[in-house]
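Asks: Just dropping this structure here.
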Amino acid sequence: GARETLAVSALGTLLAVAAGFVLALPAAGRFGTAPRQLARFVLNLLRSVPELVWAALMVLAAGLGPFAGTLALALHTTGVLGRLFAETLENVPPAPEQALHDAGSGAVAAFVYGSLPLALPQCVAYALYRWEMNIRMAAVLGFVGAGGLGQMLYFHLSIFQQAQAATVLLAMLVLVFAVDLFSSRLRRGLATAYA
């Protein structure tokens, strides 16, 4: 159950990072006003629906199990991370990218070497933080049939096995603590690398 919860949260977060970054580029205004408004609308729609509602819809669409939980986390987290990534890109100083563009670099190269290195540490920190949150949410999603520790907890609570339910809760605590420790070390390593 712990492995399933970890896998659901990690895969859901990875999918959300990729989709969120793709939507963040137009949402940050890099392709004009119309794509910006459309991307922001999609991001607002995705994050306005809570994970539990997404999970209920995904269980209806994809059936019971971890796949539904992964999709539910990915959809909601895409909206959250896309908005955070877009705001990070908007707040990056334009001077390095403009200098590269003025020196003859193409638009993609100027972005990749001028703006992306300035935004990347903050984007990674946001992604890791959302992963920590998604582990807790992946456990909760089990209550609606999305697998993992939450489903085990629901089962043990429904037949009044308090000792087993306490063990599942302890497993959730250990899992969240381990990911928090890993995330903290990774962020410190990135901060040192970019310092």
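Numbering starts fresh at 1 for the residues of each chain in the structure tokens, the chains themselves are lettered A, B, ... in the order given, and ligands are numbered from 1 as they appear.
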Excluding Arg3 of chain A and any residue of its chain fewer than 3 positions from it, enumerate the residues within 12 Å of it, using only C-alpha atoms, and give them as an MDAnalysis selection string.
Replies: chainID A and resid 6:11 66 135 138:139 147:149 171:172 175
Asks: Can I get the selected residues back with N, CA, C and O atoms, as an mmCIF file, in the first residue's frame?
Replies:
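The resulting file, part02.cif, is reproduced below:
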data_model
loop_
_atom_site.group_PDB
_atom_site.id
_atom_site.type_symbol
_atom_site.label_atom_id
_atom_site.label_comp_id
_atom_site.auth_asym_id
_atom_site.auth_seq_id
_atom_site.Cartn_x
_atom_site.Cartn_y
_atom_site.Cartn_z
ATOM 1 N N LEU A 6 3.053 5.885 -2.915
ATOM 2 C CA LEU A 6 4.224 6.624 -3.386
ATOM 3 C C LEU A 6 4.239 6.699 -4.900
ATOM 4 O O LEU A 6 4.511 7.754 -5.485
ATOM 5 N N ALA A 7 3.930 5.578 -5.563
ATOM 6 C CA ALA A 7 3.926 5.557 -7.031
ATOM 7 C C ALA A 7 2.843 6.468 -7.599
ATOM 8 O O ALA A 7 3.094 7.216 -8.552
ATOM 9 N N VAL A 8 1.653 6.434 -7.012
ATOM 10 C CA VAL A 8 0.556 7.286 -7.488
ATOM 11 C C VAL A 8 0.935 8.757 -7.345
ATOM 12 O O VAL A 8 0.752 9.562 -8.267
ATOM 13 N N SER A 9 1.490 9.123 -6.189
ATOM 14 C CA SER A 9 1.841 10.530 -5.964
ATOM 15 C C SER A 9 2.989 10.967 -6.867
ATOM 16 O O SER A 9 2.959 12.063 -7.424
ATOM 17 N N ALA A 10 4.001 10.109 -7.026
ATOM 18 C CA ALA A 10 5.157 10.485 -7.849
ATOM 19 C C ALA A 10 4.769 10.602 -9.317
ATOM 20 O O ALA A 10 5.124 11.590 -9.987
ATOM 21 N N LEU A 11 4.040 9.632 -9.835
ATOM 22 C CA LEU A 11 3.653 9.675 -11.245
ATOM 23 C C LEU A 11 2.672 10.809 -11.517
ATOM 24 O O LEU A 11 2.796 11.522 -12.514
ATOM 25 N N PRO A 66 -5.335 2.455 -8.730
ATOM 26 C CA PRO A 66 -4.363 3.548 -8.675
ATOM 27 C C PRO A 66 -4.319 4.424 -9.925
ATOM 28 O O PRO A 66 -3.927 5.584 -9.849
ATOM 29 N N ILE A 135 1.376 13.144 -1.754
ATOM 30 C CA ILE A 135 1.465 11.891 -1.005
ATOM 31 C C ILE A 135 0.318 11.821 0.002
ATOM 32 O O ILE A 135 -0.370 10.804 0.109
ATOM 33 N N ALA A 138 -2.847 11.379 -2.030
ATOM 34 C CA ALA A 138 -2.963 10.029 -2.603
ATOM 35 C C ALA A 138 -3.507 9.058 -1.561
ATOM 36 O O ALA A 138 -4.281 8.147 -1.884
ATOM 37 N N ALA A 139 -3.100 9.256 -0.316
ATOM 38 C CA ALA A 139 -3.621 8.406 0.754
ATOM 39 C C ALA A 139 -5.111 8.655 0.961
ATOM 40 O O ALA A 139 -5.889 7.718 1.159
ATOM 41 N N GLY A 147 -7.073 3.323 -4.578
ATOM 42 C CA GLY A 147 -5.974 2.439 -4.186
ATOM 43 C C GLY A 147 -5.082 3.019 -3.107
ATOM 44 O O GLY A 147 -5.327 4.074 -2.537
ATOM 45 N N GLY A 148 -4.003 2.280 -2.798
ATOM 46 C CA GLY A 148 -2.990 2.735 -1.863
ATOM 47 C C GLY A 148 -3.381 2.619 -0.403
ATOM 48 O O GLY A 148 -4.272 1.861 -0.020
ATOM 49 N N LEU A 149 -2.673 3.390 0.417
ATOM 50 C CA LEU A 149 -2.885 3.349 1.858
ATOM 51 C C LEU A 149 -4.280 3.798 2.265
ATOM 52 O O LEU A 149 -4.842 3.304 3.242
ATOM 53 N N ALA A 171 2.261 4.186 8.724
ATOM 54 C CA ALA A 171 2.931 4.068 7.420
ATOM 55 C C ALA A 171 2.811 5.372 6.629
ATOM 56 O O ALA A 171 3.757 5.807 5.975
ATOM 57 N N MET A 172 1.641 6.014 6.713
ATOM 58 C CA MET A 172 1.458 7.313 6.046
ATOM 59 C C MET A 172 2.418 8.347 6.616
ATOM 60 O O MET A 172 3.047 9.109 5.865
ATOM 61 N N LEU A 175 5.979 7.650 5.453
ATOM 62 C CA LEU A 175 6.119 7.975 4.039
ATOM 63 C C LEU A 175 6.241 9.471 3.827
ATOM 64 O O LEU A 175 7.130 9.938 3.095
#
Asks: Which residues, written as a compact mmCIF listing (two decimals) with N, CA and C atoms, in the first residue's frame, have at least one atom at most 10 Å from Gln122 of chain A, with only C-alpha atoms counted and residues fewer than 5 positions away on the same chain left out?
Replies:
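For reference, around.txt as written:
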# COMPACT_ATOMS: atom_id res chain seq x y z
N LEU A 84 1.71 28.37 -10.81
CA LEU A 84 2.95 28.76 -10.10
C LEU A 84 4.11 28.92 -11.06
N PHE A 85 4.24 28.00 -12.03
CA PHE A 85 5.32 28.11 -13.01
C PHE A 85 5.16 29.36 -13.86
N THR A 88 6.22 32.34 -11.88
CA THR A 88 7.67 32.35 -11.76
C THR A 88 8.31 32.88 -13.04
N LEU A 89 7.82 32.41 -14.19
CA LEU A 89 8.37 32.88 -15.47
C LEU A 89 8.10 34.37 -15.68
N PRO A 117 17.23 29.09 -16.51
CA PRO A 117 18.08 28.85 -15.32
C PRO A 117 17.68 29.69 -14.11
N ALA A 127 7.53 22.00 -7.37
CA ALA A 127 7.20 20.62 -7.74
C ALA A 127 7.42 19.68 -6.56
N LEU A 128 8.51 19.85 -5.84
CA LEU A 128 8.77 18.98 -4.69
C LEU A 128 7.75 19.20 -3.58
N ARG A 187 16.47 20.03 -2.34
CA ARG A 187 16.41 21.50 -2.47
C ARG A 187 17.70 22.15 -2.01
N LEU A 190 20.26 21.66 -4.71
CA LEU A 190 20.02 22.57 -5.83
C LEU A 190 20.43 24.00 -5.47
N ALA A 191 20.12 24.41 -4.26
CA ALA A 191 20.50 25.77 -3.84
C ALA A 191 22.01 25.94 -3.85
Asks: Would you compute the distance between atom CA of Gly12 of chain A and atom CA of Ala72 of chain A? Give it in Å to one decimal.
Replies: 7.8 Å
Asks: Can you work out which one of A:Gly114, A:Pro121, A:Gly82, A:Pro96 has the shortest atom-to-atom distance to Pro26 of chain A, counting only C-alpha atoms?
Replies: A:Gly82
Asks: What does the distance between atom CA of Thr77 of chain A and atom CA of Phe177 of chain A come to in Å, to one decimal place?
Replies: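 Going from atom CA of Thr77 of chain A over to atom CA of Phe177 of chain A covers 20.6 Å.
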Asks: My list of candidates is A:Gly189, A:Gly69, A:Gly29, A:Gly63. Which is closest to Glu90 of chain A when distances are computed with only C-alpha atoms?
Replies: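 Nearest to Glu90 of chain A: A:Gly29.
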Asks: Residues within 10 Å of Val168 of chain A, please, as a list of chain:residue names. Count only C-alpha atoms; anything in the same chain fewer than 5 positions from it doesn't count.
Replies: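 Near neighbours after the sequence-gap exclusion: A:Gly1, A:Ala2, A:Ala139, A:Leu149, A:Gly150, A:Gln151, A:Met152, A:Leu153, A:Tyr154, A:His156, A:Gln162, A:Ala163, A:Leu173, A:Val174.
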Asks: Excluding Val53 of chain A and residues on its chain fewer than 4 positions from it, collect all residues at most 12 Å away from it, counting only C-alpha atoms, and give them as number ranges by chain.
Replies: A: 46-49, 57-60, 68-69, 71-73, 75-76, 140-141, 143-144, 146
Asks: Output N, CA, C and O atoms of each residue in that selection to a file, as a tab-separated table (two decimals), in the first residue's frame.
Replies:
chain	number	residue	atom	x	y	z
A	46	LEU	N	-8.73	23.47	-14.06
A	46	LEU	CA	-8.13	22.26	-13.49
A	46	LEU	C	-7.96	22.36	-11.98
A	46	LEU	O	-8.20	21.39	-11.26
A	47	ARG	N	-7.53	23.51	-11.50
A	47	ARG	CA	-7.27	23.59	-10.06
A	47	ARG	C	-8.51	23.96	-9.24
A	47	ARG	O	-8.50	23.82	-8.03
A	48	SER	N	-9.57	24.40	-9.90
A	48	SER	CA	-10.78	24.74	-9.14
A	48	SER	C	-11.57	23.49	-8.74
A	48	SER	O	-12.38	23.53	-7.82
A	49	VAL	N	-11.32	22.36	-9.40
A	49	VAL	CA	-11.99	21.11	-9.05
A	49	VAL	C	-11.10	20.37	-8.05
A	49	VAL	O	-9.95	20.07	-8.36
A	57	LEU	N	-14.60	11.30	-10.49
A	57	LEU	CA	-14.82	11.29	-11.94
A	57	LEU	C	-13.92	10.28	-12.64
A	57	LEU	O	-14.34	9.57	-13.56
A	58	MET	N	-12.65	10.20	-12.20
A	58	MET	CA	-11.71	9.28	-12.84
A	58	MET	C	-12.03	7.83	-12.50
A	58	MET	O	-11.82	6.94	-13.32
A	59	VAL	N	-12.57	7.58	-11.31
A	59	VAL	CA	-13.00	6.21	-10.97
A	59	VAL	C	-14.16	5.81	-11.88
A	59	VAL	O	-14.20	4.67	-12.35
A	60	LEU	N	-15.06	6.74	-12.17
A	60	LEU	CA	-16.15	6.44	-13.09
A	60	LEU	C	-15.62	6.20	-14.50
A	60	LEU	O	-16.11	5.33	-15.22
A	68	ALA	N	-6.80	5.70	-11.58
A	68	ALA	CA	-7.75	6.81	-11.37
A	68	ALA	C	-7.16	7.84	-10.41
A	68	ALA	O	-7.30	9.05	-10.62
A	69	GLY	N	-6.50	7.38	-9.35
A	69	GLY	CA	-5.87	8.30	-8.41
A	69	GLY	C	-4.75	9.11	-9.05
A	69	GLY	O	-4.60	10.31	-8.80
A	71	LEU	N	-4.45	9.92	-12.25
A	71	LEU	CA	-5.06	10.93	-13.14
A	71	LEU	C	-5.65	12.09	-12.35
A	71	LEU	O	-5.52	13.25	-12.74
A	72	ALA	N	-6.32	11.77	-11.24
A	72	ALA	CA	-6.94	12.82	-10.42
A	72	ALA	C	-5.88	13.77	-9.88
A	72	ALA	O	-6.03	15.00	-9.94
A	73	LEU	N	-4.80	13.22	-9.34
A	73	LEU	CA	-3.71	14.07	-8.83
A	73	LEU	C	-3.07	14.88	-9.95
A	73	LEU	O	-2.76	16.06	-9.78
A	75	LEU	N	-4.36	15.91	-12.80
A	75	LEU	CA	-5.22	16.99	-13.31
A	75	LEU	C	-5.22	18.19	-12.38
A	75	LEU	O	-5.01	19.33	-12.81
A	76	HIS	N	-5.47	17.94	-11.09
A	76	HIS	CA	-5.51	19.07	-10.15
A	76	HIS	C	-4.14	19.74	-10.02
A	76	HIS	O	-4.03	20.97	-10.04
A	140	VAL	N	-5.53	9.91	0.87
A	140	VAL	CA	-6.95	10.24	1.06
A	140	VAL	C	-7.78	9.71	-0.11
A	140	VAL	O	-8.91	9.26	0.07
A	141	LEU	N	-7.22	9.76	-1.32
A	141	LEU	CA	-7.98	9.34	-2.50
A	141	LEU	C	-8.36	7.86	-2.44
A	141	LEU	O	-9.30	7.43	-3.12
A	143	PHE	N	-9.92	6.49	-0.24
A	143	PHE	CA	-11.29	6.40	0.32
A	143	PHE	C	-12.35	6.37	-0.77
A	143	PHE	O	-13.46	5.92	-0.53
A	144	VAL	N	-12.03	6.87	-1.97
A	144	VAL	CA	-13.00	6.82	-3.07
A	144	VAL	C	-12.62	5.74	-4.08
A	144	VAL	O	-13.08	5.75	-5.21
A	146	ALA	N	-9.32	4.82	-5.07
A	146	ALA	CA	-8.15	5.07	-5.91
A	146	ALA	C	-6.91	4.31	-5.43
A	146	ALA	O	-5.81	4.60	-5.84
Asks: From the list A:Ala39, A:Leu81, A:Val176, A:Ala55, which residue is nearest Leu15 of chain A when using only C-alpha atoms?
Replies: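 Under the stated criterion, the closest residue is A:Leu81.
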Asks: Neighbours of Tyr113 of chain A within 12 Å (only C-alpha atoms; same-chain residues fewer than 6 positions away dropped), as a VMD selection string?
Replies: chain A and resid 94 to 101 105 to 107 119 to 120
Asks: Output all heavy atoms for every residue in that selection, as a short mmCIF file (atom, residue, chain, number, x, y, z; two decimals), in the first residue's frame.
Replies:
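As written to disk, result06.cif reads:
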data_model
loop_
_atom_site.label_atom_id
_atom_site.label_comp_id
_atom_site.auth_asym_id
_atom_site.auth_seq_id
_atom_site.Cartn_x
_atom_site.Cartn_y
_atom_site.Cartn_z
N PRO A 94 13.92 40.11 -17.33
CA PRO A 94 14.02 39.88 -18.78
C PRO A 94 15.40 40.19 -19.36
O PRO A 94 15.68 39.83 -20.50
CB PRO A 94 12.97 40.84 -19.36
CG PRO A 94 12.87 41.93 -18.35
CD PRO A 94 13.14 41.31 -17.01
N ALA A 95 16.28 40.85 -18.60
CA ALA A 95 17.56 41.31 -19.16
C ALA A 95 18.43 40.19 -19.73
O ALA A 95 18.96 40.33 -20.84
CB ALA A 95 18.32 42.10 -18.10
N PRO A 96 18.65 39.05 -19.02
CA PRO A 96 19.52 38.02 -19.61
C PRO A 96 18.98 37.46 -20.92
O PRO A 96 19.74 37.30 -21.89
CB PRO A 96 19.56 36.93 -18.53
CG PRO A 96 19.22 37.62 -17.26
CD PRO A 96 18.26 38.71 -17.65
N GLU A 97 17.69 37.19 -20.98
CA GLU A 97 17.11 36.67 -22.22
C GLU A 97 17.20 37.70 -23.34
O GLU A 97 17.53 37.37 -24.48
CB GLU A 97 15.66 36.26 -21.99
CG GLU A 97 15.02 35.60 -23.19
CD GLU A 97 13.61 35.09 -22.93
OE1 GLU A 97 13.21 35.02 -21.75
OE2 GLU A 97 12.93 34.74 -23.90
N GLN A 98 16.93 38.95 -23.01
CA GLN A 98 17.00 40.01 -24.02
C GLN A 98 18.42 40.20 -24.53
O GLN A 98 18.64 40.40 -25.72
CB GLN A 98 16.48 41.32 -23.42
CG GLN A 98 16.34 42.44 -24.44
CD GLN A 98 15.38 42.11 -25.56
OE1 GLN A 98 14.30 41.57 -25.32
NE2 GLN A 98 15.78 42.40 -26.79
N ALA A 99 19.41 40.10 -23.64
CA ALA A 99 20.81 40.24 -24.05
C ALA A 99 21.21 39.13 -25.02
O ALA A 99 21.90 39.39 -26.02
CB ALA A 99 21.72 40.22 -22.82
N LEU A 100 20.78 37.90 -24.73
CA LEU A 100 21.09 36.79 -25.63
C LEU A 100 20.37 36.97 -26.97
O LEU A 100 20.95 36.69 -28.04
CB LEU A 100 20.68 35.46 -25.00
CG LEU A 100 21.56 34.97 -23.86
CD1 LEU A 100 20.93 33.79 -23.15
CD2 LEU A 100 22.94 34.59 -24.39
N HIS A 101 19.15 37.45 -26.92
CA HIS A 101 18.40 37.68 -28.15
C HIS A 101 19.06 38.78 -28.98
O HIS A 101 19.19 38.66 -30.21
CB HIS A 101 16.95 38.05 -27.81
CG HIS A 101 16.04 38.03 -28.99
ND1 HIS A 101 15.83 36.91 -29.74
CD2 HIS A 101 15.27 39.00 -29.54
CE1 HIS A 101 14.98 37.19 -30.72
NE2 HIS A 101 14.62 38.45 -30.61
N SER A 105 20.97 35.21 -30.63
CA SER A 105 20.39 33.91 -30.30
C SER A 105 18.93 33.87 -30.75
O SER A 105 18.24 34.88 -30.77
CB SER A 105 20.43 33.67 -28.80
OG SER A 105 21.74 33.49 -28.36
N GLY A 106 18.48 32.67 -31.07
CA GLY A 106 17.07 32.48 -31.39
C GLY A 106 16.23 32.59 -30.13
O GLY A 106 16.74 32.60 -29.00
N ALA A 107 14.93 32.63 -30.31
CA ALA A 107 14.02 32.80 -29.18
C ALA A 107 14.11 31.63 -28.20
O ALA A 107 14.12 31.82 -26.99
CB ALA A 107 12.59 32.97 -29.68
N ALA A 119 14.51 30.58 -13.43
CA ALA A 119 13.22 30.10 -12.95
C ALA A 119 13.28 28.67 -12.41
O ALA A 119 12.47 28.29 -11.57
CB ALA A 119 12.19 30.17 -14.07
N LEU A 120 14.25 27.90 -12.88
CA LEU A 120 14.28 26.47 -12.57
C LEU A 120 14.34 26.13 -11.08
O LEU A 120 13.58 25.26 -10.63
CB LEU A 120 15.44 25.81 -13.32
CG LEU A 120 15.37 24.30 -13.44
CD1 LEU A 120 14.09 23.85 -14.12
CD2 LEU A 120 16.58 23.77 -14.18
#
Asks: Residues of chain A classed as alpha helix (DSSP H) by DSSP on the backbone are to be reported as an NGL selection string.
Replies: :A and (2-27 or 33-48 or 51-62 or 66-91 or 95-102 or 107-110 or 116-141 or 148-158 or 162-194)
